[in-house]
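Structure file upload.txt; described as compact mmCIF, C-alpha atoms.
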# COMPACT_ATOMS: atom_id res chain seq x y z
CA MET G 1 125.12 116.05 145.19
CA LEU G 2 127.00 114.04 147.81
CA ALA G 3 130.34 112.63 146.70
CA GLY G 4 130.13 108.98 145.67
CA VAL G 5 126.33 108.88 145.65
CA THR G 6 125.02 107.10 142.55
CA TRP G 7 121.78 105.54 141.34
CA ALA G 8 123.29 102.07 141.92
CA HIS G 9 120.50 100.54 144.05
CA LEU G 10 117.75 103.05 143.31
CA GLN G 11 115.45 100.76 141.41
CA VAL G 12 113.14 102.13 138.72
CA VAL G 13 109.60 101.19 139.65
CA GLY G 14 107.32 100.37 136.76
CA ALA G 15 109.76 101.98 134.40
CA VAL G 16 107.52 102.26 131.39
CA ALA G 17 103.96 101.39 132.19
CA LEU G 18 102.33 103.50 129.53
CA VAL G 19 98.81 104.45 128.63
CA LEU G 20 98.73 103.91 124.88
CA ALA G 21 95.92 103.68 122.42
CA ALA G 22 94.32 100.97 120.34
CA THR G 23 95.91 98.45 122.67
CA GLY G 24 97.00 100.84 125.36
CA CYS G 25 100.34 99.11 125.26
CA GLY G 26 102.46 99.48 128.33
CA ASP G 27 105.09 97.88 130.38
CA GLY G 28 106.83 98.34 133.67
CA GLY G 29 105.07 97.24 136.81
CA ASP G 30 105.95 97.61 140.40
CA GLY G 31 109.61 96.86 140.93
CA GLY G 32 110.87 97.05 137.36
CA GLU G 33 111.63 93.79 135.62
CA ASP G 34 110.99 91.54 138.60
CA GLY G 35 108.28 93.51 140.38
CA ALA G 36 105.16 92.14 142.00
CA ASP G 37 101.64 92.39 140.60
CA THR G 38 100.59 95.60 142.24
CA GLY G 39 100.20 98.70 140.12
CA THR G 40 97.14 99.73 138.20
CA THR G 41 95.99 102.57 136.04
CA GLY G 42 92.52 103.20 134.70
CA ALA G 43 90.00 100.63 135.86
CA GLY G 44 92.67 98.37 137.15
CA THR G 45 94.35 95.40 135.54
CA THR G 46 97.10 94.45 137.97
CA THR G 47 100.09 92.94 136.20
CA THR G 48 103.78 93.72 136.37
CA SER G 49 103.80 95.69 133.15
CA ASP G 50 100.29 96.59 132.16
CA ILE G 51 97.99 99.52 132.25
CA GLY G 52 94.41 99.48 133.36
CA SER G 53 91.31 98.26 131.79
CA ALA G 54 88.26 99.89 130.39
CA THR G 55 84.73 98.68 130.93
CA ALA G 56 83.22 97.91 127.54
CA THR G 57 83.57 94.80 125.42
CA THR G 58 82.59 94.48 121.79
CA ASP G 59 82.37 91.87 119.11
CA ASP G 60 85.36 90.90 116.98
CA PRO G 61 86.13 93.63 114.40
CA ASP G 62 85.76 92.86 110.70
CA THR G 63 88.88 91.45 109.05
CA SER G 64 89.57 89.70 105.79
CA GLY G 65 89.91 86.32 107.44
CA SER G 66 90.14 84.48 110.70
CA PRO G 67 93.30 85.48 112.56
CA GLU G 68 95.71 82.84 113.70
CA GLU G 69 96.05 82.10 117.36
CA SER G 70 98.47 84.59 118.91
CA GLU G 71 101.90 83.45 120.02
CA SER G 72 103.89 84.22 123.12
CA GLY G 73 105.30 87.70 123.57
CA ASP G 74 108.67 85.99 124.02
CA ASP G 75 108.69 85.45 120.25
CA GLY G 76 108.24 89.15 119.50
CA PRO G 77 105.39 90.90 117.70
CA SER G 78 103.66 87.81 116.37
CA GLY G 79 100.40 86.91 114.68
CA GLU G 80 99.09 87.00 111.12
CA CYS G 81 101.19 90.03 110.11
CA ILE G 82 104.26 92.05 111.12
CA LEU G 83 103.56 95.44 112.65
CA TRP G 84 106.39 97.43 111.09
CA GLN G 85 105.79 96.14 107.55
CA ALA G 86 103.16 98.66 106.51
CA ASP G 87 102.07 96.94 103.26
CA GLU G 88 101.67 93.41 104.64
CA CYS G 89 97.88 93.47 104.86
CA GLY G 90 97.09 95.06 101.50
CA ALA G 91 95.72 98.44 100.47
CA GLU G 92 92.52 98.40 102.53
CA GLN G 93 93.88 96.93 105.75
CA LYS G 94 96.73 97.45 108.17
CA CYS G 95 98.58 95.34 110.72
CA MET G 96 97.53 96.19 114.28
CA PRO G 97 97.48 94.91 117.86
CA TRP G 98 93.98 93.75 118.79
CA SER G 99 92.26 93.01 122.08
CA LEU G 100 88.96 91.18 122.46
CA ASN G 101 88.15 93.21 125.55
CA ALA G 102 88.87 96.85 126.26
CA ASP G 103 91.66 95.95 128.64
CA ARG G 104 94.46 97.58 126.64
CA ILE G 105 96.48 94.37 126.49
CA PRO G 106 96.71 92.90 122.97
CA ASP G 107 95.53 89.36 122.40
CA GLU G 108 96.72 89.13 118.80
CA ILE G 109 98.49 90.93 115.97
CA ARG G 110 96.16 90.93 112.99
CA CYS G 111 95.08 92.68 109.80
CA CYS G 112 92.32 95.21 110.48
CA ILE G 113 90.39 97.67 108.36
CA ALA G 114 92.44 100.75 107.44
CA PRO G 115 90.87 104.24 107.29
CA ASP G 116 90.10 105.82 103.91
CA ASP G 117 91.66 109.20 104.75
CA PRO G 118 94.31 108.32 107.34
CA ASP G 119 96.08 110.53 109.82
CA LEU G 120 99.87 110.43 109.57
CA GLU G 121 102.61 109.89 112.14
CA GLY G 122 102.59 112.68 114.73
CA GLU G 123 99.09 113.87 113.81
CA PRO G 124 96.01 113.78 116.06
CA CYS G 125 93.94 110.63 115.71
CA THR G 126 90.89 108.81 117.06
CA ILE G 127 90.10 105.21 118.01
CA GLN G 128 86.84 103.53 117.11
CA ASP G 129 84.60 101.57 119.48
CA TYR G 130 87.01 100.97 122.38
CA ASP G 131 90.66 101.14 123.31
CA GLY G 132 92.05 97.92 121.82
CA SER G 133 89.62 97.53 118.91
CA CYS G 134 92.47 97.87 116.33
CA LEU G 135 90.29 100.34 114.44
CA ASP G 136 91.72 103.85 114.38
CA SER G 137 92.27 106.79 112.04
CA CYS G 138 96.05 106.33 111.60
CA ALA G 139 97.81 105.25 108.42
CA ALA G 140 99.20 101.76 107.88
CA GLY G 141 102.40 101.27 109.83
CA THR G 142 101.16 103.48 112.67
CA MET G 143 98.67 103.29 115.53
CA CYS G 144 96.75 105.80 117.62
CA VAL G 145 98.35 106.25 121.04
CA LEU G 146 95.63 107.25 123.48
CA ASP G 147 95.78 110.71 125.03
CA ASP G 148 92.18 111.19 126.19
CA ILE G 149 90.31 108.14 127.45
CA ASP G 150 86.96 109.95 127.30
CA THR G 151 87.15 110.99 123.64
CA LEU G 152 89.38 108.10 122.49
CA GLY G 153 91.67 110.69 120.93
CA GLY G 154 95.43 110.56 120.71
CA GLN G 155 98.47 110.83 118.44
CA CYS G 156 99.65 108.52 115.64
CA ARG G 157 102.94 106.77 116.48
CA ARG G 158 104.90 104.59 114.05
CA PHE G 159 105.71 100.92 114.56
CA CYS G 160 109.42 100.05 114.47
CA GLU G 161 111.57 96.96 114.14
CA PRO G 162 113.16 96.10 117.50
CA GLY G 163 116.91 96.39 117.20
CA GLY G 164 116.60 98.23 113.90
CA ASN G 165 117.39 101.82 112.98
CA ASP G 166 114.03 102.85 111.55
CA CYS G 167 113.15 105.55 114.13
CA ALA G 168 114.31 109.14 113.88
CA ASN G 169 117.48 110.23 115.70
CA ASP G 170 115.44 111.92 118.41
CA GLN G 171 113.26 108.85 118.98
CA THR G 172 113.62 105.48 120.72
CA CYS G 173 112.17 102.22 119.41
CA LYS G 174 110.39 101.14 122.57
CA THR G 175 108.96 97.62 122.78
CA PHE G 176 105.93 97.39 125.03
CA PHE G 177 104.62 94.27 126.82
CA GLU G 178 107.99 92.50 126.65
CA LEU G 179 107.64 91.57 130.33
CA LEU G 180 104.22 89.92 129.98
CA PRO G 181 104.14 86.23 129.01
CA VAL G 182 101.87 85.09 126.16
CA VAL G 183 101.24 88.68 125.05
CA PRO G 184 102.34 90.02 121.64
CA THR G 185 104.90 92.80 121.96
CA VAL G 186 104.26 96.19 120.35
CA PRO G 187 107.29 98.28 119.28
CA LEU G 188 106.72 102.00 118.67
CA CYS G 189 108.91 105.00 117.86
CA MET G 190 108.59 107.29 120.90
CA ASP G 191 110.09 110.78 121.17
CA GLN G 192 113.07 111.22 123.45
CA CYS G 193 112.87 113.97 126.07
CA ASP G 194 114.57 115.63 129.04
CA PRO G 195 112.76 114.79 132.32
CA LEU G 196 113.97 118.03 133.91
CA VAL G 197 112.44 120.17 131.16
CA GLN G 198 109.46 117.88 130.42
CA ASP G 199 109.74 119.00 126.80
CA CYS G 200 107.25 116.63 125.15
CA GLU G 201 105.47 118.03 122.10
CA LEU G 202 102.03 117.33 123.56
CA PRO G 203 101.55 119.31 126.80
CA SER G 204 99.69 116.49 128.54
CA TRP G 205 102.38 113.85 127.85
CA LEU G 206 104.99 112.89 130.44
CA CYS G 207 108.74 112.37 130.11
CA ILE G 208 109.56 109.11 131.95
CA PRO G 209 112.25 106.35 131.87
CA ASP G 210 112.31 104.39 128.62
CA SER G 211 112.95 100.91 130.03
CA PRO G 212 112.50 98.78 133.14
CA SER G 213 115.69 98.61 135.15
CA THR G 214 116.89 97.49 138.55
CA ALA G 215 119.57 100.18 138.60
CA GLY G 216 118.26 103.21 136.76
CA GLN G 217 120.57 103.99 133.87
CA SER G 218 117.83 104.43 131.28
CA GLY G 219 117.04 107.13 128.80
CA PHE G 220 113.71 108.97 128.68
CA ILE G 221 110.71 109.02 126.34
CA CYS G 222 107.44 110.91 126.04
CA VAL G 223 104.32 108.90 126.91
CA SER G 224 100.64 109.66 127.17
CA PRO G 225 99.20 110.44 130.61
CA PRO G 226 97.32 107.93 132.78
CA PRO G 227 93.54 108.18 132.95
CA GLN G 228 93.50 108.86 136.68
CA ASP G 229 94.64 112.02 138.47
CA PRO G 230 98.45 112.19 138.74
CA ILE G 231 100.09 111.57 142.11
CA ALA G 232 101.87 114.39 143.94
CA ILE G 233 105.35 114.46 145.48
CA LEU G 234 105.94 111.67 148.05
CA GLY G 235 102.56 110.13 147.25
CA PRO G 236 102.29 106.34 146.63
CA CYS G 237 102.77 105.10 143.06
CA ALA G 238 103.12 101.82 141.22
CA LEU G 239 103.72 102.78 137.59
CA ALA G 240 106.19 105.17 135.99
CA ASN G 241 103.48 107.45 134.60
CA ASP G 242 101.46 107.53 137.84
CA CYS G 243 103.23 110.64 139.12
CA GLU G 244 102.78 114.29 138.30
CA LYS G 245 104.88 115.74 135.49
CA GLY G 246 108.51 116.08 136.58
CA LEU G 247 108.32 113.31 139.18
CA ALA G 248 109.72 109.76 139.20
CA CYS G 249 108.31 106.65 140.90
CA VAL G 250 111.01 105.07 143.11
CA PRO G 251 111.08 102.39 145.84
CA ALA G 252 109.96 103.27 149.35
CA SER G 253 113.37 102.36 150.79
CA ARG G 254 114.85 105.44 149.13
CA LEU G 255 112.22 107.95 150.31
CA PRO G 256 111.42 109.10 153.86
CA GLY G 257 107.90 108.43 155.09
CA CYS G 258 106.82 106.35 152.09
CA THR G 259 104.52 103.60 153.38
CA ALA G 260 103.66 102.09 149.98
CA ALA G 261 105.91 99.95 147.78
CA ALA G 262 107.03 103.11 146.00
CA CYS G 263 106.40 106.84 146.01
CA CYS G 264 106.85 109.84 143.72
CA THR G 265 109.90 112.05 143.99
CA ALA G 266 111.39 114.87 141.94
CA TYR G 267 113.97 114.73 139.21
CA CYS G 268 116.92 117.02 139.89
CA ASP G 269 119.80 118.64 138.01
CA LEU G 270 123.15 117.33 139.25
CA GLY G 271 124.70 120.71 138.50
CA GLU G 272 122.45 122.39 141.07
CA GLY G 273 123.53 120.19 143.95
CA ASP G 274 121.28 118.90 146.73
CA ALA G 275 119.40 122.10 147.59
CA PRO G 276 116.24 121.38 145.50
CA CYS G 277 116.01 117.95 147.15
CA THR G 278 116.64 119.05 150.73
CA ALA G 279 113.88 121.61 150.19
CA ILE G 280 111.54 118.61 149.87
CA ASP G 281 113.06 116.72 152.81
CA ASN G 282 116.37 117.15 154.66
CA GLY G 283 117.17 113.48 154.13
CA LEU G 284 117.13 113.68 150.34
CA SER G 285 120.08 114.23 147.99
CA CYS G 286 120.34 114.56 144.22
CA VAL G 287 121.31 111.02 143.18
CA ASP G 288 122.88 110.42 139.76
CA TRP G 289 120.58 108.62 137.31
CA MET G 290 123.64 107.31 135.43
CA SER G 291 121.97 107.28 132.03
CA PRO G 292 124.27 105.84 129.35
CA GLU G 293 123.25 108.59 126.90
CA PRO G 294 125.38 111.74 127.33
CA GLN G 295 122.46 114.08 126.69
CA TRP G 296 120.97 112.97 130.02
CA ASP G 297 124.13 112.94 132.12
CA HIS G 298 122.83 115.96 134.05
CA VAL G 299 119.76 114.08 135.31
CA GLY G 300 119.38 112.94 138.90
CA VAL G 301 116.51 112.11 141.22
CA CYS G 302 115.85 113.17 144.82
CA ALA G 303 116.41 110.14 147.05
CA ILE G 304 118.04 108.94 150.25
CA PRO G 305 121.77 108.46 149.57
CA ASP G 306 122.80 104.82 149.28

Spell out the structure here as structure tokens.
Amino acid sequence: MLAGVTWAHLQVVGAVALVLAATGCGDGGDGGEDGADTGTTGAGTTTTSDIGSATATTDDPDTSGSPEESESGDDGPSGECILWQADECGAEQKCMPWSLNADRIPDEIRCCIAPDDPDLEGEPCTIQDYDGSCLDSCAAGTMCVLDDIDTLGGQCRRFCEPGGNDCANDQTCKTFFELLPVVPTVPLCMDQCDPLVQDCELPSWLCIPDSPSTAGQSGFICVSPPPQDPIAILGPCALANDCEKGLACVPASRLPGCTAAACCTAYCDLGEGDAPCTAIDNGLSCVDWMSPEPQWDHVGVCAIPD
């Protein structure tokens, strides 16, 4: 690593645009918190912090009553129930994000039918009807995070209270959709990970930055893969989980030959110096990510020195 080179101006692009289930919650569009409407995954919704859209639409799922009109995402996870209070909807229902269309962006938080024999946190699960239906096989207090768009299969992840301490020590309470106006936010306990090792429990999941940022300095969480083929080194990207495993999506100004808004580059170990990066391109150095968590103080990314 070159002396004095830091992440400083190496902006995280689409820091946590995630492909999740039931709602497919995600955040982090092109350019981090203030990015433009560019990136897509799946069939292609194009907002600053979304992930794609599917093709099917269905009728409103059965609930015990008419849900209230959803409130702005600025007010937190809002609607007729509170996501992290597992018993709010009664024994036969559970509080879930719901989308009228299969666009993976929740329209409301509401009480939906709970499964009779539920899957528990961390277990494999399935979604009914379409991604966003609010009907899945997970227990109350959890939702099915999509892993396979074709089979609507995934893993149960637990809702958490933003700012609380209800996730495990090796997890982060990540709030999705906080950058989208008039969209309910969805907080979930997501496993922490090392982007250099890509040590997520599920082999298909990716270790990516855990928050949008204009200066890096984030931790890392495991997220489900995008529905499209991953993008190779120095290929154009818009969302943090667009790239192949072990790669980060960073602005074009920090990568040689990148003609898109951003491109994929490799994570690097600061202890190994610049050699892995110069092997990709002579103009690249291992730039410090500057994560505030000490367990990730070895993490850098291959980029043009500032």

If you take only C-alpha atoms and a cut-off of 10 Å, which residues of stretch 148-254 of chain G touch stretch 266-290 of chain G, and what are their nearest atom pairs and distances in Å to one decimal, in chain and number order, as CSV?
residue,atom,partner,partner_atom,distance
G:Pro195,CA,G:Tyr267,CA,7.0
G:Leu196,CA,G:Tyr267,CA,6.2
G:Val197,CA,G:Tyr267,CA,9.8
G:Ala215,CA,G:Trp289,CA,8.6
G:Gly216,CA,G:Trp289,CA,5.9
G:Gln217,CA,G:Met290,CA,4.8
G:Ser218,CA,G:Met290,CA,7.7
G:Gly219,CA,G:Trp289,CA,9.3
G:Ala232,CA,G:Ala266,CA,9.7
G:Ile233,CA,G:Ala266,CA,7.0
G:Leu234,CA,G:Ala266,CA,8.8
G:Cys243,CA,G:Ala266,CA,9.6
G:Glu244,CA,G:Ala266,CA,9.4
G:Lys245,CA,G:Ala266,CA,9.2
G:Gly246,CA,G:Ala266,CA,6.2
G:Leu247,CA,G:Ala266,CA,4.4
G:Ala248,CA,G:Ala266,CA,6.0
G:Cys249,CA,G:Ala266,CA,8.8
G:Val250,CA,G:Ala266,CA,9.9
G:Arg254,CA,G:Leu284,CA,8.6

Task: Which residue of G:Ile221, G:Cys112, G:Cys264, G:Val301 approaches G:Glu88 most closely, using all atoms listed in the file - done: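 Result for the nearest residue to G:Glu88: G:Cys112.
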
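Once G:Glu121 and its same-chain neighbours fewer than 2 positions away are set aside, G:Pro118, G:Asp119, G:Glu123, G:Pro124, G:Cys125, G:Ser137, G:Cys138, G:Ala139, G:Ala140, G:Gly141, G:Thr142, G:Met143, G:Cys144, G:Val145, G:Gly154, G:Gln155, G:Cys156, G:Arg157, G:Arg158, G:Phe159, G:Cys167, G:Ala168, G:Leu188, G:Cys189, G:Met190, G:Asp191 remain within 12 Å of it when counting all atoms listed in the file.
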
TODO: For atom CA of G:Ser291 and atom CA of G:Pro209, quote the distance in Å rounded to one decimal.
DONE: 9.8 Å

Open item on the list: Just to confirm, what's the straight-line distance from atom CA of G:Ser211 to atom CA of G:Lys174 in Å (one decimal)?
Closed with: 7.9 Å

- [ ] Name the residues in contact with G:Asp147 at a cut-off of 9 Å, using all atoms listed in the file, excluding same-chain residues fewer than 2 positions from it; report them as a list in words.
- [x] Val19, Leu20, Ala21, Cys144, Val145, Ile149, Thr151, Leu152, Gly153, Gly154, Gln155, Ser204, Trp205, Val223, Ser224, Pro225, Pro226 and Pro227 of chain G

- [ ] Go ahead and compute the interatomic distance for atom CA of G:Cys237 and atom CA of G:Ile304, in Å to one decimal.
- [x]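 Distance between the two atoms: 17.3 Å.
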